[in-house]
>>> print(open('final.cif').read())   # mmCIF, C-alpha atoms
data_work
#
loop_
_atom_site.label_atom_id
_atom_site.label_comp_id
_atom_site.auth_asym_id
_atom_site.auth_seq_id
_atom_site.Cartn_x
_atom_site.Cartn_y
_atom_site.Cartn_z
CA MET A 10 -8.73 29.98 -39.76
CA THR A 11 -6.94 27.84 -37.20
CA ALA A 12 -4.50 25.12 -38.14
CA GLU A 13 -5.69 21.56 -37.99
CA THR A 14 -4.12 19.67 -35.09
CA THR A 15 -3.11 16.02 -35.07
CA ALA A 16 -6.14 15.30 -32.88
CA ASP A 17 -8.35 16.92 -35.54
CA ARG A 18 -6.83 14.71 -38.18
CA MET A 19 -7.33 11.65 -35.95
CA HIS A 20 -11.00 12.60 -35.54
CA ARG A 21 -11.41 12.84 -39.28
CA LEU A 22 -9.72 9.49 -39.99
CA LEU A 23 -11.60 7.67 -37.23
CA SER A 24 -14.96 8.91 -38.50
CA ALA A 25 -14.56 6.19 -41.15
CA LEU A 26 -15.43 3.69 -38.40
CA GLN A 27 -18.73 5.56 -37.88
CA PRO A 28 -18.29 5.85 -34.12
CA SER A 29 -21.28 6.56 -31.91
CA ALA A 30 -18.87 8.09 -29.40
CA LEU A 31 -15.32 9.32 -29.87
CA ALA A 32 -12.98 11.17 -27.54
CA ILE A 33 -9.35 11.96 -28.20
CA ARG A 34 -7.13 13.34 -25.46
CA ASP A 35 -3.71 14.77 -26.15
CA ASP A 36 -1.40 13.64 -23.35
CA SER A 37 1.80 14.78 -25.07
CA ARG A 38 2.79 17.37 -22.50
CA HIS A 39 2.95 14.67 -19.79
CA HIS A 40 5.61 12.81 -21.73
CA ALA A 41 7.75 15.49 -23.35
CA GLY A 42 11.38 14.52 -23.39
CA HIS A 43 11.18 11.09 -21.79
CA ALA A 44 13.67 8.50 -23.02
CA GLY A 45 12.73 7.16 -26.40
CA ALA A 46 9.92 9.65 -26.92
CA GLY A 47 11.22 10.52 -30.38
CA ASN A 48 8.78 12.25 -32.69
CA GLY A 49 5.06 12.56 -32.36
CA GLY A 50 2.62 12.93 -29.51
CA HIS A 51 0.88 10.76 -26.98
CA TYR A 52 -2.86 10.34 -27.42
CA LYS A 53 -5.65 8.51 -25.67
CA ILE A 54 -8.63 7.44 -27.73
CA THR A 55 -11.96 6.29 -26.39
CA ILE A 56 -14.14 5.05 -29.22
CA VAL A 57 -17.47 3.26 -29.38
CA ALA A 58 -18.56 1.84 -32.72
CA GLU A 59 -20.83 -0.88 -34.04
CA ALA A 60 -17.87 -2.04 -36.15
CA PHE A 61 -16.19 -3.44 -33.01
CA ARG A 62 -19.02 -5.82 -32.14
CA GLY A 63 -17.89 -9.43 -31.87
CA LEU A 64 -14.21 -8.58 -32.34
CA SER A 65 -11.36 -9.44 -29.97
CA PRO A 66 -9.44 -6.59 -28.31
CA LEU A 67 -6.59 -7.23 -30.76
CA GLN A 68 -8.91 -6.95 -33.78
CA ARG A 69 -10.53 -3.77 -32.42
CA HIS A 70 -7.14 -2.14 -31.92
CA ARG A 71 -6.07 -3.15 -35.42
CA LEU A 72 -9.10 -1.37 -36.88
CA VAL A 73 -8.09 1.80 -35.03
CA HIS A 74 -4.43 1.48 -36.11
CA ASP A 75 -5.48 0.89 -39.71
CA ALA A 76 -7.75 3.94 -39.72
CA LEU A 77 -4.91 6.07 -38.34
CA ALA A 78 -2.22 4.56 -40.57
CA PRO A 79 -1.36 7.84 -42.34
CA LEU A 80 -0.39 9.38 -38.98
CA MET A 81 1.08 6.40 -37.13
CA SER A 82 4.70 6.66 -38.15
CA HIS A 83 5.36 10.33 -37.55
CA GLU A 84 2.58 12.34 -35.87
CA ILE A 85 1.59 9.70 -33.34
CA HIS A 86 4.25 8.31 -31.04
CA ALA A 87 2.07 6.57 -28.46
CA LEU A 88 -1.54 5.63 -28.42
CA ALA A 89 -3.77 4.38 -25.65
CA ILE A 90 -6.94 2.86 -27.06
CA LYS A 91 -10.19 1.93 -25.42
CA ALA A 92 -12.42 0.53 -28.16
CA SER A 93 -15.81 -1.04 -27.57
CA ALA A 94 -19.14 -1.78 -29.21
CA PRO A 95 -22.27 0.15 -28.12
CA MET B 2 20.53 -13.85 -39.42
CA SER B 3 17.92 -11.21 -40.27
CA VAL B 4 16.13 -9.14 -37.63
CA HIS B 5 12.95 -11.04 -38.44
CA ASP B 6 14.74 -14.34 -37.75
CA ILE B 7 16.19 -13.06 -34.48
CA ILE B 8 12.74 -11.99 -33.28
CA ASP B 9 11.22 -15.25 -34.48
CA GLN B 10 13.77 -17.21 -32.51
CA GLN B 11 13.25 -15.08 -29.37
CA VAL B 12 9.46 -15.43 -29.31
CA LYS B 13 9.59 -19.15 -30.05
CA SER B 14 12.29 -20.12 -27.58
CA HIS B 15 10.73 -18.44 -24.53
CA PRO B 16 7.16 -18.98 -23.30
CA VAL B 17 6.67 -15.29 -22.43
CA VAL B 18 8.50 -12.49 -24.22
CA LEU B 19 7.96 -8.78 -23.67
CA TYR B 20 9.48 -6.19 -26.02
CA MET B 21 9.65 -3.02 -23.96
CA LYS B 22 11.42 0.27 -23.39
CA GLY B 23 13.87 -0.13 -20.54
CA SER B 24 14.07 -3.09 -18.19
CA PRO B 25 11.47 -4.55 -15.79
CA ASP B 26 13.25 -2.80 -12.90
CA PHE B 27 13.72 0.46 -14.80
CA PRO B 28 11.01 0.81 -17.44
CA GLN B 29 11.47 3.92 -19.59
CA CYS B 30 7.83 4.35 -20.57
CA GLY B 31 4.52 4.18 -18.73
CA PHE B 32 3.05 1.63 -21.12
CA SER B 33 6.02 -0.69 -20.65
CA ALA B 34 5.82 -0.25 -16.88
CA ASN B 35 2.15 -1.22 -17.00
CA ALA B 36 2.92 -4.34 -19.06
CA VAL B 37 5.52 -5.50 -16.52
CA LYS B 38 3.10 -4.83 -13.67
CA ILE B 39 0.34 -6.89 -15.28
CA LEU B 40 2.66 -9.83 -15.93
CA LYS B 41 3.73 -9.72 -12.27
CA ALA B 42 0.07 -9.70 -11.21
CA CYS B 43 -0.36 -12.87 -13.28
CA GLY B 44 2.56 -14.53 -11.49
CA VAL B 45 5.16 -13.96 -14.22
CA ASP B 46 7.95 -12.39 -12.21
CA ALA B 47 10.76 -12.88 -14.69
CA PRO B 48 9.55 -12.70 -18.29
CA PHE B 49 12.14 -12.74 -21.05
CA THR B 50 12.34 -9.05 -21.97
CA VAL B 51 14.03 -7.22 -24.82
CA ASP B 52 14.87 -3.54 -24.33
CA VAL B 53 14.23 -1.98 -27.73
CA LEU B 54 15.99 1.24 -26.69
CA GLN B 55 19.22 -0.79 -26.63
CA ASN B 56 18.52 -2.30 -30.02
CA PRO B 57 17.26 0.01 -32.79
CA ASP B 58 17.04 -2.83 -35.34
CA ILE B 59 14.67 -4.79 -33.16
CA ARG B 60 12.76 -1.62 -32.26
CA GLN B 61 11.89 -1.21 -35.95
CA GLY B 62 11.76 -4.92 -36.78
CA ILE B 63 9.28 -5.81 -34.06
CA LYS B 64 6.76 -3.34 -35.48
CA GLU B 65 6.91 -5.11 -38.81
CA TYR B 66 7.01 -8.61 -37.30
CA ALA B 67 3.54 -8.34 -35.78
CA ASN B 68 2.31 -5.52 -38.01
CA TRP B 69 1.80 -3.58 -34.80
CA PRO B 70 2.98 0.03 -34.58
CA THR B 71 3.70 0.43 -30.87
CA ILE B 72 5.77 -0.94 -28.00
CA PRO B 73 5.42 -2.79 -25.60
CA GLN B 74 4.48 -6.02 -27.34
CA LEU B 75 3.70 -9.25 -25.52
CA TYR B 76 4.19 -12.72 -27.00
CA ILE B 77 3.00 -15.91 -25.36
CA LYS B 78 4.23 -19.20 -26.83
CA GLY B 79 5.26 -17.46 -30.02
CA GLU B 80 1.88 -15.75 -30.54
CA PHE B 81 1.49 -11.99 -30.50
CA VAL B 82 -0.99 -11.05 -27.76
CA GLY B 83 -1.05 -7.25 -27.84
CA GLY B 84 0.21 -4.10 -26.21
CA SER B 85 -0.39 -2.48 -22.85
CA ASP B 86 -4.11 -1.70 -23.30
CA ILE B 87 -4.97 -5.15 -24.61
CA MET B 88 -2.99 -6.74 -21.77
CA THR B 89 -5.07 -4.67 -19.36
CA GLU B 90 -8.33 -5.78 -20.99
CA LEU B 91 -7.31 -9.43 -21.08
CA TYR B 92 -6.08 -9.24 -17.49
CA GLN B 93 -9.36 -7.78 -16.29
CA SER B 94 -11.38 -10.44 -18.12
CA GLY B 95 -9.18 -13.24 -16.77
CA GLU B 96 -8.12 -14.31 -20.27
CA LEU B 97 -4.49 -13.34 -19.82
CA LYS B 98 -4.06 -15.71 -16.89
CA GLN B 99 -5.63 -18.46 -18.98
CA LEU B 100 -3.28 -17.78 -21.88
CA LEU B 101 -0.28 -17.87 -19.55
CA ALA B 102 -1.45 -21.07 -17.87
CA ALA B 103 -2.35 -22.96 -21.06
#
>>> encode(input="final.cif", output="structure tokens")
Amino acid sequence: MTAETTADRMHRLLSALQPSALAIRDDSRHHAGHAGAGNGGHYKITIVAEAFRGLSPLQRHRLVHDALAPLMSHEIHALAIKASAP
Amino acid sequence: MSVHDIIDQQVKSHPVVLYMKGSPDFPQCGFSANAVKILKACGVDAPFTVDVLQNPDIRQGIKEYANWPTIPQLYIKGEFVGGSDIMTELYQSGELKQLLAA
């Protein structure tokens, strides 16, 4: 049995938004040790979900942040989000 | 004055405020660098910026102020606009220029 990674946990939490497409890329190694990096990794999320339809970019990002709330303060340091409706 | 009050005063006394890591000339993070670049592309060469790396209280406080977990954060006329990705989206759609011109 392999240990669950942060990206795995992100996948699981984001499934609540019932995405029709979801990709999570771990960019942490590109940023290791830069000033202010602190704890947690860098991730890029591309997510397509019906839930985003009609929402502003700010509202779409808030849905993603809310879904990931349990990880935001410690496991995730930086997050690039591309969220759209199908 | 509380951190919340300091932030409130900053975003309301300057038309464009960017909370970032580093300075516009020496950004310390790719997302902050992108935010500065987009503002420049919109004709904002000298936004009022706050380097959160120099101010740990504001670094934490700003996340609570807008209920937004990451930095950079852009405010226009006291309103929270978003972070680097949202700035990119709004820039590409032309909305950011409209917000800045309004």
>>> closest_atom_pairs(input="final.cif", of="chain B", to="chain A", cutoff="8 Å", atoms="only C-alpha atoms", output="Markdown table")
| residue | atom | partner | partner_atom | distance |
| --- | --- | --- | --- | --- |
| B:Lys22 | CA | A:Gly45 | CA | 7.6 |
| B:Gln29 | CA | A:Ala44 | CA | 6.1 |
| B:Cys30 | CA | A:Ala44 | CA | 7.6 |
| B:Leu54 | CA | A:Gly45 | CA | 6.8 |
| B:Trp69 | CA | A:Arg71 | CA | 7.9 |
| B:Pro70 | CA | A:Met81 | CA | 7.1 |
| B:Thr71 | CA | A:Ala87 | CA | 6.8 |
| B:Val82 | CA | A:Leu67 | CA | 7.4 |
| B:Gly83 | CA | A:Leu67 | CA | 6.3 |
| B:Asp86 | CA | A:Ala89 | CA | 6.5 |
| B:Ile87 | CA | A:Pro66 | CA | 6.0 |
| B:Glu90 | CA | A:Pro66 | CA | 7.4 |
>>> closest_residue(input="final.cif", among="A:Ala58, A:Glu84, A:Leu64, A:Ala94", to="A:Leu26", atoms="only C-alpha atoms")
A:Ala58
>>> resolve_selection(input="final.cif", expression="the PyMOL selection byres ((chain B and resi 42) around 12)", output="VMD selection string")
chain B and resid 35 to 41 43 to 47 88 to 89 92 to 93 95 97 to 98 101
>>> atom_distance(input="final.cif", atom1="atom CA of A:Ser93", atom2="atom CA of A:Asp36")
21.0 Å
>>> axis_aligned_box(input="final.cif", around="stretch 71-84 of chain B", padding_each_side="3 Å", output="AutoDock Vina command-line options")
--center_x 2.4 --center_y -9.4 --center_z -28.1 --size_x 12.8 --size_y 25.6 --size_z 11.5
>>> atom_distance(input="final.cif", atom1="atom CA of B:Leu75", atom2="atom CA of A:Ala25")
28.6 Å
>>> residues_around(input="final.cif", residues="B:Ile63", least_positions_apart="2", cutoff="10 Å", atoms="all atoms listed in the file", output="list in words")
Val4, His5, Ile8, Asp9, Tyr20, Val53, Pro57, Asp58, Ile59, Arg60, Gln61, Glu65, Tyr66, Ala67, Asn68, Trp69, Pro70, Thr71, Ile72, Pro73 and Gln74 of chain B
>>> atom_distance(input="final.cif", atom1="atom CA of B:Ser3", atom2="atom CA of A:Pro79")
27.2 Å
>>> resolve_selection(input="final.cif", expression="the PyMOL selection byres ((chain A and resi 15) around 10)", output="count of residues only")
16
>>> resolve_selection(input="final.cif", expression="the PyMOL selection byres ((chain B and resi 12) around 9)", output="compact mmCIF listing (two decimals) with C-alpha atoms, keeping the file's coordinate frame")
# COMPACT_ATOMS: atom_id res chain seq x y z
CA ILE B 7 16.19 -13.06 -34.48
CA ILE B 8 12.74 -11.99 -33.28
CA ASP B 9 11.22 -15.25 -34.48
CA GLN B 10 13.77 -17.21 -32.51
CA GLN B 11 13.25 -15.08 -29.37
CA LYS B 13 9.59 -19.15 -30.05
CA SER B 14 12.29 -20.12 -27.58
CA HIS B 15 10.73 -18.44 -24.53
CA PRO B 16 7.16 -18.98 -23.30
CA VAL B 17 6.67 -15.29 -22.43
CA VAL B 18 8.50 -12.49 -24.22
CA LEU B 19 7.96 -8.78 -23.67
CA TYR B 76 4.19 -12.72 -27.00
CA ILE B 77 3.00 -15.91 -25.36
CA LYS B 78 4.23 -19.20 -26.83
CA GLY B 79 5.26 -17.46 -30.02
CA GLU B 80 1.88 -15.75 -30.54
CA PHE B 81 1.49 -11.99 -30.50
>>> closest_residue(input="final.cif", among="B:Asp52, B:Met21, B:Glu96, B:Leu91", to="B:Ala34", atoms="all atoms listed in the file")
B:Met21
>>> closest_residue(input="final.cif", among="A:Leu23, A:Leu77, A:Gly63, A:Lys53", to="A:Ser37", atoms="all atoms listed in the file")
A:Lys53
>>> decode(input="final.cif", residues="stretch 8-60 of chain B", atoms="C-alpha atoms", output="PDB file, in the first residue's frame")
ATOM      1  CA  ILE B   8      -5.493  46.891   6.022  1.00  0.00           C
ATOM      2  CA  ASP B   9      -8.881  48.571   5.782  1.00  0.00           C
ATOM      3  CA  GLN B  10      -7.224  51.967   5.762  1.00  0.00           C
ATOM      4  CA  GLN B  11      -4.648  50.893   3.146  1.00  0.00           C
ATOM      5  CA  VAL B  12      -7.176  49.509   0.671  1.00  0.00           C
ATOM      6  CA  LYS B  13      -9.517  52.466   1.095  1.00  0.00           C
ATOM      7  CA  SER B  14      -6.957  55.245   0.845  1.00  0.00           C
ATOM      8  CA  HIS B  15      -5.318  54.055  -2.392  1.00  0.00           C
ATOM      9  CA  PRO B  16      -7.161  53.272  -5.636  1.00  0.00           C
ATOM     10  CA  VAL B  17      -4.996  50.220  -6.394  1.00  0.00           C
ATOM     11  CA  VAL B  18      -3.344  48.148  -3.673  1.00  0.00           C
ATOM     12  CA  LEU B  19      -1.375  44.953  -4.214  1.00  0.00           C
ATOM     13  CA  TYR B  20      -0.343  42.748  -1.280  1.00  0.00           C
ATOM     14  CA  MET B  21       2.627  40.786  -2.553  1.00  0.00           C
ATOM     15  CA  LYS B  22       5.835  38.991  -1.671  1.00  0.00           C
ATOM     16  CA  GLY B  23       8.758  41.295  -2.338  1.00  0.00           C
ATOM     17  CA  SER B  24       8.605  44.583  -4.207  1.00  0.00           C
ATOM     18  CA  PRO B  25       7.533  45.367  -7.787  1.00  0.00           C
ATOM     19  CA  ASP B  26      11.215  45.573  -8.774  1.00  0.00           C
ATOM     20  CA  PHE B  27      12.202  42.464  -6.812  1.00  0.00           C
ATOM     21  CA  PRO B  28       9.203  40.156  -6.481  1.00  0.00           C
ATOM     22  CA  GLN B  29       9.965  37.094  -4.337  1.00  0.00           C
ATOM     23  CA  CYS B  30       7.364  34.802  -5.865  1.00  0.00           C
ATOM     24  CA  GLY B  31       6.222  34.014  -9.398  1.00  0.00           C
ATOM     25  CA  PHE B  32       2.581  34.763  -8.647  1.00  0.00           C
ATOM     26  CA  SER B  33       3.461  38.198  -7.262  1.00  0.00           C
ATOM     27  CA  ALA B  34       5.684  38.879 -10.270  1.00  0.00           C
ATOM     28  CA  ASN B  35       2.790  38.006 -12.570  1.00  0.00           C
ATOM     29  CA  ALA B  36       0.435  40.349 -10.688  1.00  0.00           C
ATOM     30  CA  VAL B  37       2.870  43.263 -11.063  1.00  0.00           C
ATOM     31  CA  LYS B  38       3.314  42.474 -14.758  1.00  0.00           C
ATOM     32  CA  ILE B  39      -0.439  42.478 -15.395  1.00  0.00           C
ATOM     33  CA  LEU B  40      -0.929  45.791 -13.606  1.00  0.00           C
ATOM     34  CA  LYS B  41       1.858  47.291 -15.731  1.00  0.00           C
ATOM     35  CA  ALA B  42       0.169  45.948 -18.875  1.00  0.00           C
ATOM     36  CA  CYS B  43      -2.972  47.795 -17.747  1.00  0.00           C
ATOM     37  CA  GLY B  44      -1.035  51.043 -17.378  1.00  0.00           C
ATOM     38  CA  VAL B  45      -0.622  50.901 -13.590  1.00  0.00           C
ATOM     39  CA  ASP B  46       3.109  51.450 -13.270  1.00  0.00           C
ATOM     40  CA  ALA B  47       3.216  52.376  -9.602  1.00  0.00           C
ATOM     41  CA  PRO B  48       0.534  50.586  -7.596  1.00  0.00           C
ATOM     42  CA  PHE B  49       0.593  50.954  -3.826  1.00  0.00           C
ATOM     43  CA  THR B  50       2.188  47.669  -2.757  1.00  0.00           C
ATOM     44  CA  VAL B  51       2.635  46.026   0.618  1.00  0.00           C
ATOM     45  CA  ASP B  52       5.425  43.459   1.008  1.00  0.00           C
ATOM     46  CA  VAL B  53       3.952  40.831   3.311  1.00  0.00           C
ATOM     47  CA  LEU B  54       7.376  39.233   3.834  1.00  0.00           C
ATOM     48  CA  GLN B  55       8.342  42.406   5.709  1.00  0.00           C
ATOM     49  CA  ASN B  56       5.188  42.333   7.782  1.00  0.00           C
ATOM     50  CA  PRO B  57       4.094  38.986   9.262  1.00  0.00           C
ATOM     51  CA  ASP B  58       0.989  40.498  10.914  1.00  0.00           C
ATOM     52  CA  ILE B  59      -0.331  41.743   7.606  1.00  0.00           C
ATOM     53  CA  ARG B  60       0.677  38.495   5.899  1.00  0.00           C
TER      54      ARG B  60
END
